[in-house]
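Novice: structure15.txt is reproduced below (compact mmCIF, C-alpha atoms).
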# COMPACT_ATOMS: atom_id res chain seq x y z
CA MET A 5 21.28 44.74 -23.80
CA PRO A 6 19.84 47.81 -25.47
CA ASP A 7 16.10 48.04 -25.20
CA ARG A 8 14.73 50.60 -27.62
CA LEU A 9 11.72 48.61 -28.69
CA GLU A 10 9.23 51.34 -28.17
CA THR A 11 5.74 51.05 -29.48
CA PRO A 12 5.24 52.79 -32.81
CA ALA A 13 2.47 54.90 -31.33
CA SER A 14 4.62 56.38 -28.58
CA ALA A 15 7.52 56.93 -30.92
CA ALA A 16 5.57 58.33 -33.85
CA HIS A 17 6.61 61.94 -33.44
CA GLU A 18 10.15 60.97 -32.65
CA VAL A 19 10.32 58.79 -35.74
CA VAL A 20 9.10 61.55 -38.03
CA GLU A 21 11.77 63.85 -36.62
CA LEU A 22 14.43 61.16 -36.89
CA LEU A 23 13.47 60.46 -40.49
CA ALA A 24 13.70 64.11 -41.46
CA ARG A 25 17.09 64.51 -39.80
CA SER A 26 18.40 61.24 -41.20
CA ALA A 27 17.39 62.24 -44.70
CA ARG A 28 19.54 65.35 -44.22
CA GLY A 29 22.49 63.14 -43.35
CA ASP A 30 22.32 63.58 -39.56
CA GLU A 31 24.36 60.68 -38.21
CA SER A 32 23.04 60.83 -34.64
CA ALA A 33 19.47 60.63 -35.93
CA TRP A 34 20.42 57.72 -38.14
CA ARG A 35 21.93 55.95 -35.15
CA GLU A 36 18.70 56.47 -33.23
CA LEU A 37 16.68 55.11 -36.12
CA ILE A 38 18.81 51.98 -36.21
CA ALA A 39 18.43 51.59 -32.45
CA LEU A 40 14.69 51.84 -32.87
CA TYR A 41 14.25 49.39 -35.74
CA GLY A 42 17.45 47.36 -36.07
CA ARG A 43 16.41 44.52 -33.80
CA ARG A 44 12.93 44.32 -35.24
CA VAL A 45 14.39 43.86 -38.70
CA PHE A 46 16.91 41.39 -37.29
CA ALA A 47 14.17 39.40 -35.57
CA MET A 48 12.19 39.04 -38.77
CA ALA A 49 15.24 37.87 -40.65
CA ARG A 50 16.39 35.51 -37.91
CA SER A 51 12.98 33.98 -37.53
CA ARG A 52 13.16 32.82 -41.09
CA CYS A 53 16.85 32.22 -41.70
CA ARG A 54 17.73 30.77 -38.31
CA ARG A 55 21.29 32.04 -38.59
CA ASP A 56 22.54 35.08 -36.75
CA ASP A 57 25.14 35.99 -39.37
CA VAL A 58 22.63 35.82 -42.22
CA ALA A 59 20.06 37.74 -40.20
CA GLU A 60 22.59 40.46 -39.48
CA GLU A 61 23.63 40.57 -43.11
CA ILE A 62 20.01 41.08 -44.11
CA THR A 63 19.60 43.75 -41.44
CA GLN A 64 22.62 45.66 -42.71
CA SER A 65 21.43 45.31 -46.27
CA VAL A 66 18.01 46.69 -45.37
CA PHE A 67 19.45 49.77 -43.67
CA VAL A 68 21.92 50.40 -46.47
CA THR A 69 18.96 50.33 -48.84
CA VAL A 70 17.06 52.81 -46.69
CA ALA A 71 20.07 55.14 -46.50
CA THR A 72 20.56 54.88 -50.23
CA LYS A 73 16.93 55.79 -50.82
CA PHE A 74 17.43 58.79 -48.59
CA ALA A 75 20.49 59.69 -50.65
CA GLY A 76 18.54 59.63 -53.86
CA GLY A 77 15.72 61.64 -52.34
CA GLU A 78 13.42 58.75 -53.16
CA TYR A 79 11.73 58.62 -49.77
CA THR A 80 8.90 61.00 -48.99
CA GLU A 81 7.56 60.93 -45.46
CA GLN A 82 3.89 59.96 -45.58
CA GLY A 83 3.67 58.16 -42.26
CA ARG A 84 4.43 54.83 -43.87
CA PHE A 85 8.06 54.41 -43.01
CA GLU A 86 7.52 51.21 -41.05
CA SER A 87 5.50 49.64 -43.82
CA TRP A 88 8.21 50.54 -46.27
CA LEU A 89 11.02 49.33 -44.01
CA PHE A 90 9.44 45.96 -43.33
CA ARG A 91 8.40 45.50 -46.92
CA ILE A 92 12.07 45.82 -47.82
CA THR A 93 12.88 43.39 -45.01
CA MET A 94 10.25 40.92 -46.14
CA ASN A 95 11.56 41.01 -49.70
CA ARG A 96 15.12 40.47 -48.51
CA VAL A 97 14.02 37.55 -46.36
CA ARG A 98 12.10 36.01 -49.25
CA ASP A 99 15.16 36.33 -51.47
CA GLU A 100 17.32 34.67 -48.84
CA VAL A 101 14.83 31.85 -48.31
CA ARG A 102 14.72 31.21 -52.04
CA ARG A 103 18.51 31.24 -52.15
CA GLN A 104 18.69 28.76 -49.28
CA GLN A 105 16.15 26.52 -50.94
CA ARG A 106 18.22 26.45 -54.12
CA GLN A 107 21.28 25.44 -52.10
CA ALA A 108 19.40 23.16 -49.73
CA VAL A 109 20.85 19.78 -48.82
CA PRO A 110 18.82 17.03 -47.21
CA THR A 111 18.81 17.49 -43.47
CA ASP A 112 17.20 16.13 -40.37
CA PRO A 113 13.98 18.09 -39.76
CA ALA A 114 14.72 17.93 -36.04
CA GLY A 115 17.67 20.17 -36.74
CA LEU A 116 15.44 23.03 -37.83
CA GLY A 117 15.30 25.61 -35.12
CA GLY A 118 19.02 25.91 -34.83
CA ALA A 119 19.30 23.95 -31.60
CA THR A 120 21.00 20.79 -32.75
CA THR A 121 24.27 21.70 -31.07
CA VAL A 122 22.63 22.27 -27.69
CA PRO A 123 22.45 19.23 -25.42
CA VAL A 124 18.89 18.41 -24.55
CA GLU A 125 19.52 18.23 -20.84
CA SER A 126 20.86 21.79 -20.75
CA ILE A 127 17.74 23.33 -22.25
CA ARG A 128 15.71 25.31 -19.73
CA SER A 129 11.95 25.27 -19.76
CA ASP A 130 11.68 28.67 -21.42
CA GLU A 131 14.11 27.52 -24.07
CA LYS A 132 11.99 24.45 -24.61
CA GLU A 133 9.01 26.68 -25.07
CA ILE A 134 10.89 28.82 -27.59
CA ARG A 135 11.94 25.75 -29.53
CA ALA A 136 8.41 24.43 -29.59
CA LEU A 137 7.10 27.76 -30.75
CA ARG A 138 9.68 27.92 -33.53
CA GLU A 139 8.68 24.51 -34.71
CA ALA A 140 5.04 25.51 -34.69
CA LEU A 141 5.84 28.70 -36.59
CA GLU A 142 7.83 26.85 -39.20
CA ALA A 143 4.93 24.48 -39.69
CA LEU A 144 2.69 27.32 -40.82
CA ALA A 145 1.92 28.13 -44.41
CA GLU A 146 3.97 30.98 -45.86
CA ALA A 147 1.13 33.51 -45.83
CA ASP A 148 0.19 32.75 -42.21
CA ARG A 149 3.78 32.87 -41.09
CA GLU A 150 4.33 36.30 -42.64
CA VAL A 151 1.39 37.72 -40.72
CA ILE A 152 2.75 36.32 -37.44
CA GLU A 153 6.24 37.66 -38.10
CA LEU A 154 5.07 41.09 -39.22
CA ARG A 155 2.82 41.35 -36.20
CA HIS A 156 5.01 39.94 -33.43
CA HIS A 157 8.60 40.18 -34.65
CA ALA A 158 8.34 43.48 -36.50
CA GLY A 159 5.69 44.88 -34.16
CA MET A 160 3.39 46.25 -36.81
CA SER A 161 -0.24 47.20 -36.52
CA PHE A 162 -2.81 45.24 -38.49
CA ASN A 163 -3.41 48.26 -40.68
CA GLN A 164 0.26 48.36 -41.57
CA ILE A 165 0.31 44.63 -42.26
CA ALA A 166 -2.74 44.98 -44.47
CA HIS A 167 -0.99 47.74 -46.37
CA ILE A 168 2.17 45.69 -46.87
CA LEU A 169 0.32 42.58 -47.96
CA SER A 170 -2.26 44.53 -49.97
CA GLU A 171 -5.12 42.80 -48.24
CA PRO A 172 -8.12 43.97 -46.22
CA VAL A 173 -7.55 44.35 -42.49
CA GLY A 174 -10.28 41.81 -41.80
CA THR A 175 -8.47 39.22 -43.87
CA VAL A 176 -5.24 39.90 -42.01
CA LEU A 177 -6.98 39.61 -38.65
CA ALA A 178 -8.61 36.34 -39.63
CA ARG A 179 -5.31 34.97 -40.87
CA HIS A 180 -3.61 35.99 -37.65
CA HIS A 181 -6.18 34.13 -35.56
CA ARG A 182 -5.96 31.12 -37.80
CA ALA A 183 -2.17 31.10 -37.53
CA LEU A 184 -2.29 31.33 -33.73
CA ARG A 185 -4.75 28.47 -33.60
CA LYS A 186 -2.60 26.30 -35.85
CA MET A 187 0.40 26.98 -33.67
CA LYS A 188 -1.57 26.15 -30.57
CA ASP A 189 -2.78 22.92 -32.08
CA HIS A 190 0.69 22.06 -33.22
CA ILE A 191 2.20 22.55 -29.78
CA GLU A 192 -0.61 20.63 -28.10
CA SER A 193 -0.06 17.78 -30.48
CA MET A 194 3.66 17.83 -29.66
CA ASN A 195 2.87 17.80 -25.97
CA ASP A 196 0.78 14.70 -26.39
CA GLY A 197 4.05 12.87 -26.28
CA SER A 198 3.21 10.51 -29.07
CA GLY A 199 4.56 11.13 -32.53
CA ARG A 200 6.14 14.46 -31.61
CA ARG A 201 8.64 14.44 -34.41
CA GLU A 202 6.32 12.77 -36.86
CA ARG A 203 3.67 15.43 -36.60
CA GLY A 204 5.76 18.44 -35.69
CA ILE A 205 7.27 19.70 -38.88
CA ALA A 206 5.26 20.16 -42.02
CA MET B 8 10.33 44.78 -20.66
CA THR B 9 7.18 43.80 -22.50
CA ASN B 10 7.50 41.38 -25.34
CA ASN B 11 4.86 42.89 -27.54
CA ILE B 12 5.95 45.96 -29.45
CA TYR B 13 2.95 46.45 -31.67
CA PRO B 14 0.48 49.20 -30.82
CA SER B 15 -0.86 48.25 -27.41
CA ASN B 16 -4.03 50.25 -27.91
CA GLU B 17 -4.99 48.25 -30.98
CA HIS B 18 -7.68 45.71 -30.29
CA ASP B 19 -6.76 42.60 -32.24
CA HIS B 20 -9.97 40.69 -31.47
CA THR B 21 -7.96 37.68 -30.40
CA PRO B 22 -10.28 34.95 -29.13
CA PRO B 23 -9.83 34.22 -25.42
CA ASP B 24 -8.52 30.72 -26.03
CA LEU B 25 -5.71 32.13 -28.17
CA LEU B 26 -4.54 34.86 -25.81
CA GLU B 27 -2.01 32.57 -24.18
CA MET B 28 -0.61 31.55 -27.54
CA ARG B 29 -0.45 35.18 -28.63
CA ASP B 30 1.59 36.04 -25.55
CA ALA B 31 3.82 33.04 -26.15
CA VAL B 32 4.52 34.21 -29.70
CA ASP B 33 5.37 37.62 -28.26
CA ARG B 34 7.95 35.90 -26.07
CA LEU B 35 9.34 34.07 -29.08
CA ALA B 36 9.66 37.33 -31.02
CA GLY B 37 11.31 38.99 -28.02
CA SER B 38 13.89 36.23 -27.86
CA GLU B 39 14.64 36.68 -31.57
CA ARG B 40 15.18 40.41 -31.12
CA LEU B 41 17.51 39.84 -28.22
CA ALA B 42 19.43 37.06 -29.96
CA ALA B 43 21.81 39.54 -31.54
CA ASP B 44 24.68 40.73 -29.40
CA ALA B 45 24.93 44.27 -28.14
CA GLY B 46 27.06 45.39 -31.06
CA LEU B 47 24.39 44.83 -33.70
CA GLU B 48 23.31 48.47 -33.88
CA ALA B 49 26.90 49.71 -34.08
CA ARG B 50 27.73 47.34 -36.91
CA VAL B 51 24.60 48.24 -38.85
CA PHE B 52 25.39 51.90 -38.28
CA ARG B 53 28.94 51.52 -39.58
CA SER B 54 27.92 49.56 -42.64
CA SER B 55 25.20 52.01 -43.63
CA LEU B 56 27.11 55.19 -42.82
CA PRO B 57 28.72 55.63 -46.27
CA ALA B 58 25.30 55.54 -47.87
CA LEU B 59 24.00 58.01 -45.32
CA ARG B 60 26.92 60.37 -45.91
CA SER B 61 26.11 60.39 -49.57
CA ALA B 62 22.59 61.19 -48.40
CA GLY B 63 23.95 64.42 -46.92
CA GLY B 64 24.92 65.65 -50.35
CA ALA B 65 22.38 64.63 -52.91
CA PRO B 66 19.19 65.86 -51.25
CA ARG B 67 20.77 69.22 -50.56
CA ALA B 68 21.54 69.52 -54.23
CA ILE B 69 17.93 68.71 -54.97
CA ARG B 70 16.55 70.97 -52.30
CA PHE B 71 18.39 74.00 -53.60
CA PRO B 72 17.54 74.09 -57.28
CA SER B 73 18.46 77.79 -57.35
CA ALA B 74 22.04 76.62 -57.91
CA GLY B 75 20.96 76.00 -61.48
CA TRP B 76 19.52 79.47 -61.67
CA TRP B 77 22.77 80.89 -60.32
CA ARG B 78 24.67 79.14 -63.06
CA LEU B 79 22.22 80.41 -65.66
CA ALA B 80 22.46 83.95 -64.32
CA ALA B 81 26.25 83.77 -64.35
CA GLY B 82 26.19 82.59 -67.94
CA VAL B 83 23.86 85.39 -68.98
CA ALA B 84 26.04 87.95 -67.21
CA LEU B 85 29.13 86.57 -68.90
CA LEU B 86 27.51 86.73 -72.31
CA ALA B 87 26.26 90.24 -71.63
CA GLY B 88 29.73 91.32 -70.58
CA VAL B 89 31.33 89.84 -73.65
CA GLY B 90 28.67 91.41 -75.84
CA LEU B 91 29.23 94.81 -74.25
CA MET B 92 32.97 94.56 -74.76
CA VAL B 93 32.54 93.56 -78.38
CA SER B 94 30.11 96.39 -79.04
CA MET B 95 32.46 98.89 -77.39
CA TRP B 96 35.32 97.64 -79.48
CA LEU B 97 33.30 97.85 -82.65
CA THR B 98 32.13 101.34 -81.75
CA SER B 99 35.63 102.62 -81.09
CA ARG B 100 36.85 100.96 -84.26
CA ALA B 101 34.00 102.29 -86.32
CA THR B 102 34.17 105.97 -85.29
CA PRO B 103 36.57 107.16 -88.06
CA GLY B 104 34.43 105.49 -90.63
CA VAL B 105 32.65 102.29 -90.22
CA TRP B 106 32.64 100.45 -93.45
CA THR B 107 29.09 99.58 -93.94
CA ALA B 108 27.01 99.45 -97.01
CA ALA B 109 25.41 102.71 -95.99
CA THR B 110 28.66 104.57 -95.55
CA THR B 111 30.74 106.03 -98.28
CA PRO B 112 34.32 106.59 -97.24
CA ALA B 113 35.18 110.22 -97.23
CA PRO B 114 38.31 111.41 -99.04
CA ILE B 115 41.36 111.82 -96.83
CA ALA B 116 41.70 115.44 -97.73
CA GLU B 117 38.21 116.08 -96.56
CA ASN B 118 38.90 114.30 -93.29
CA THR B 119 42.00 116.38 -92.80
CA ALA B 120 40.07 119.52 -93.39
CA ASN B 121 37.50 118.49 -90.84
CA GLY B 122 40.43 117.47 -88.86
CA ASP B 123 39.71 116.76 -85.22
CA ASP B 124 40.96 113.23 -85.19
CA THR B 125 43.64 113.25 -87.88
CA ILE B 126 47.27 113.95 -87.16
CA ASP B 127 48.86 117.01 -88.73
CA THR B 128 52.47 115.84 -88.70
CA ASP B 129 53.92 119.12 -89.89
CA ARG B 130 52.26 121.06 -87.14
CA LEU B 131 53.26 118.44 -84.59
CA ARG B 132 56.87 118.63 -85.69
CA ASP B 133 56.87 122.43 -85.41
CA GLU B 134 55.42 122.25 -81.92
CA LEU B 135 58.03 119.72 -80.91
CA ASP B 136 60.84 121.95 -82.21
CA ASP B 137 59.44 124.91 -80.31
CA PHE B 138 59.22 122.85 -77.15
CA LEU B 139 62.77 121.60 -77.41
CA ALA B 140 64.06 125.08 -78.07
CA SER B 141 62.26 126.50 -75.06
CA TYR B 142 63.41 123.56 -72.94
CA ASP B 143 67.03 124.21 -73.85
CA ALA B 144 66.70 127.83 -73.01
CA VAL B 145 65.26 127.10 -69.59
CA GLU B 146 67.88 124.52 -68.84
CA ARG B 147 70.66 126.85 -69.80
CA ALA B 148 69.24 129.53 -67.57
CA ASP B 149 69.04 127.11 -64.66
CA LEU B 150 72.60 126.06 -65.12
CA ALA B 151 73.74 129.69 -65.26
CA ASP B 152 71.96 130.50 -61.99
CA SER B 153 73.21 127.46 -60.14
CA THR B 154 76.43 127.24 -58.09
CA PRO B 155 78.31 124.05 -57.80
CA MET B 156 77.58 122.35 -54.47
CA THR B 157 81.17 121.85 -53.52
CA GLN B 158 81.89 125.50 -53.88
CA THR B 159 78.80 126.58 -51.93
CA PHE B 160 79.38 124.24 -49.06
CA TRP B 161 83.05 124.67 -48.44
CA ASP B 162 83.55 128.31 -49.27
CA SER B 163 80.47 130.10 -48.04
CA ASP B 164 80.53 132.11 -44.83
CA GLY B 165 80.51 129.82 -41.85
CA GLY B 166 81.17 126.86 -44.04
CA LEU B 167 83.92 124.45 -43.58
CA SER B 168 87.25 125.06 -45.23
CA SER B 169 88.20 122.39 -47.61
CA GLU B 170 91.42 122.18 -45.69
CA GLU B 171 89.81 121.94 -42.27
CA PRO B 172 89.36 118.38 -41.05
CA ILE B 173 85.96 117.37 -39.81
CA GLN B 174 85.85 117.23 -35.98
Since I need it in another form, could you write the structure as structure tokens?

Specialist:
Amino acid sequence: MPDRLETPASAAHEVVELLARSARGDESAWRELIALYGRRVFAMARSRCRRDDVAEEITQSVFVTVATKFAGGEYTEQGRFESWLFRITMNRVRDEVRRQQRQAVPTDPAGLGGATTVPVESIRSDEKEIRALREALEALAEADREVIELRHHAGMSFNQIAHILSEPVGTVLARHHRALRKMKDHIESMNDGSGRRERGIA
Amino acid sequence: MTNNIYPSNEHDHTPPDLLEMRDAVDRLAGSERLAADAGLEARVFRSSLPALRSAGGAPRAIRFPSAGWWRLAAGVALLAGVGLMVSMWLTSRATPGVWTAATTPAPIAENTANGDDTIDTDRLRDELDDFLASYDAVERADLADSTPMTQTFWDSDGGLSSEEPIQ
């Protein structure tokens, strides 16, 4: 499995170089850029859509948009590429969520999390943890969930998140803590053993 | 591999009781990133490549605006060339007497008298007659001096007899 999930700080110079070369149509640089950010975009999309094919479709759409912006000379490097990239991603994800909501059919809330086809007895402990975390994440309010996903799935700094959401850094930090606490409470309530399904999904 | 990919030197002021949850969410995010198969990057690359290839053309066109200046310069040069040719043509056409409001056409007789660029047909005809006469005289003299080749070759001293077969 490719592992190019470098921290933005360590890759900053490389990213600037990759952006400049990609904007000139350098295919190897573009490939590197996709290796650097593709899975982060995919993770954000998958976290919300819960379908690999839809998440990949969104990922491709995001990178086509970026390439098209390069083509039109509409991108100017100002050290905000990640903010721009994940703003595009966030907008695509929001569009997809709205589309899914329009087409939504009544479903069993227990099915959320994409694990309905997996037999319970085959789920390992780490998988159980992941499922519980997904449930807790999905129980968050939209604004709190976006902060969590931008921070942990996209790997952005709080300054970048504040820029994307047009909010003060302090507000973003506070919302992040609040979201973590809600998730913690949610999982603890699930672990109580009583009323797990009743109280799990908002 | 670490699950957190955000800047590790950034202090997020996470309360101690939430550190475990923060790390758990990092694990969740890591699992989402790794959920895609290994071909994700290649597929994204292929799907976005056409847009990138168009990116190789348009910015270059923008980054070299002198192309417009080259076209402008070529246009100016073309117009200048055409203008020069037209002016030369008008000048050559106008030399005998450009018909402008400021010019009164001179009588033909006067032009002939001034006569550098008018044709005196009588004089030309006389010169042509003289030339032809002298040409005939020269040609006749040449013919009189010449000996037919056959005679020279076969009958000169050391030459072959016309009766002698070639060895």

Novice: Tell me, as an MDAnalysis selection string, which residues lie within 12 Å of Gly46 (chain B), counting all atoms listed in the file; anything in the same chain fewer than 4 positions away does not count.

Specialist: (chainID A and resid 5:6 38:39 42:43 60) or (chainID B and resid 41:42 50:53)

Novice: Please find the residues of chain A near chain B - the criterion being any atom within 7 Å, counting all atoms listed in the file - and write them as JSON, numbers by chain.

Specialist: {"A": [5, 6, 9, 10, 11, 12, 13, 27, 28, 29, 35, 38, 39, 42, 43, 44, 46, 47, 50, 51, 56, 64, 67, 68, 71, 72, 74, 75, 76, 77, 134, 137, 155, 156, 157, 159, 160, 161, 181, 184, 185, 188]}

Novice: Could you please determine the separation between CA of Ala80 (chain B) and CA of Ser94 (chain B) in Å, to one decimal place?

Specialist: 20.7 Å

Novice: Can you work out the spacing between CA of Glu131 (chain A) and CA of Glu153 (chain A) in Å, to one decimal?

Specialist: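 These two atoms are separated by 19.0 Å.
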
Novice: Which polymer residues, whether protein, DNA or RNA, lie within 10 Å of the coordinate (3.9, 55.7, -39.9) when you count all atoms listed in the file? List them as a CSV table (one decimal) with C-alpha atoms, keeping the file's coordinate frame, using the chain letters and numbers from the file.

Specialist:
chain,number,residue,atom,x,y,z
A,12,PRO,CA,5.2,52.8,-32.8
A,13,ALA,CA,2.5,54.9,-31.3
A,15,ALA,CA,7.5,56.9,-30.9
A,16,ALA,CA,5.6,58.3,-33.8
A,17,HIS,CA,6.6,61.9,-33.4
A,19,VAL,CA,10.3,58.8,-35.7
A,20,VAL,CA,9.1,61.6,-38.0
A,81,GLU,CA,7.6,60.9,-45.5
A,82,GLN,CA,3.9,60.0,-45.6
A,83,GLY,CA,3.7,58.2,-42.3
A,84,ARG,CA,4.4,54.8,-43.9
A,85,PHE,CA,8.1,54.4,-43.0
A,86,GLU,CA,7.5,51.2,-41.0
A,87,SER,CA,5.5,49.6,-43.8
A,88,TRP,CA,8.2,50.5,-46.3
A,160,MET,CA,3.4,46.2,-36.8
A,164,GLN,CA,0.3,48.4,-41.6

Novice: What does the distance from CA of Glu142 (chain A) to CA of Lys186 (chain A) come to in Å, to one decimal?

Specialist: 11.0 Å

Novice: Any idea what's packed within 9 Å of Thr93 (chain A), counting only C-alpha atoms, ignoring anything in its chain fewer than 6 positions away? Could you give it as a PDB file with C-alpha atoms, keeping the file's coordinate frame?

Specialist:
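After the write, selection-v4.pdb holds the following:
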ATOM      1  CA  VAL A  45      14.390  43.860 -38.700  1.00  0.00           C
ATOM      2  CA  PHE A  46      16.910  41.390 -37.290  1.00  0.00           C
ATOM      3  CA  MET A  48      12.190  39.040 -38.770  1.00  0.00           C
ATOM      4  CA  ALA A  49      15.240  37.870 -40.650  1.00  0.00           C
ATOM      5  CA  ILE A  62      20.010  41.080 -44.110  1.00  0.00           C
ATOM      6  CA  THR A  63      19.600  43.750 -41.440  1.00  0.00           C
ATOM      7  CA  SER A  65      21.430  45.310 -46.270  1.00  0.00           C
ATOM      8  CA  VAL A  66      18.010  46.690 -45.370  1.00  0.00           C
TER       9      VAL A  66
END

Novice: Taking 4 positions as the minimum chain separation for residues in the same chain, which residues sit within 8 Å of Glu36 (chain A) when counting all atoms listed in the file? Answer as number ranges by chain.

Specialist: A: 22, 32, 40
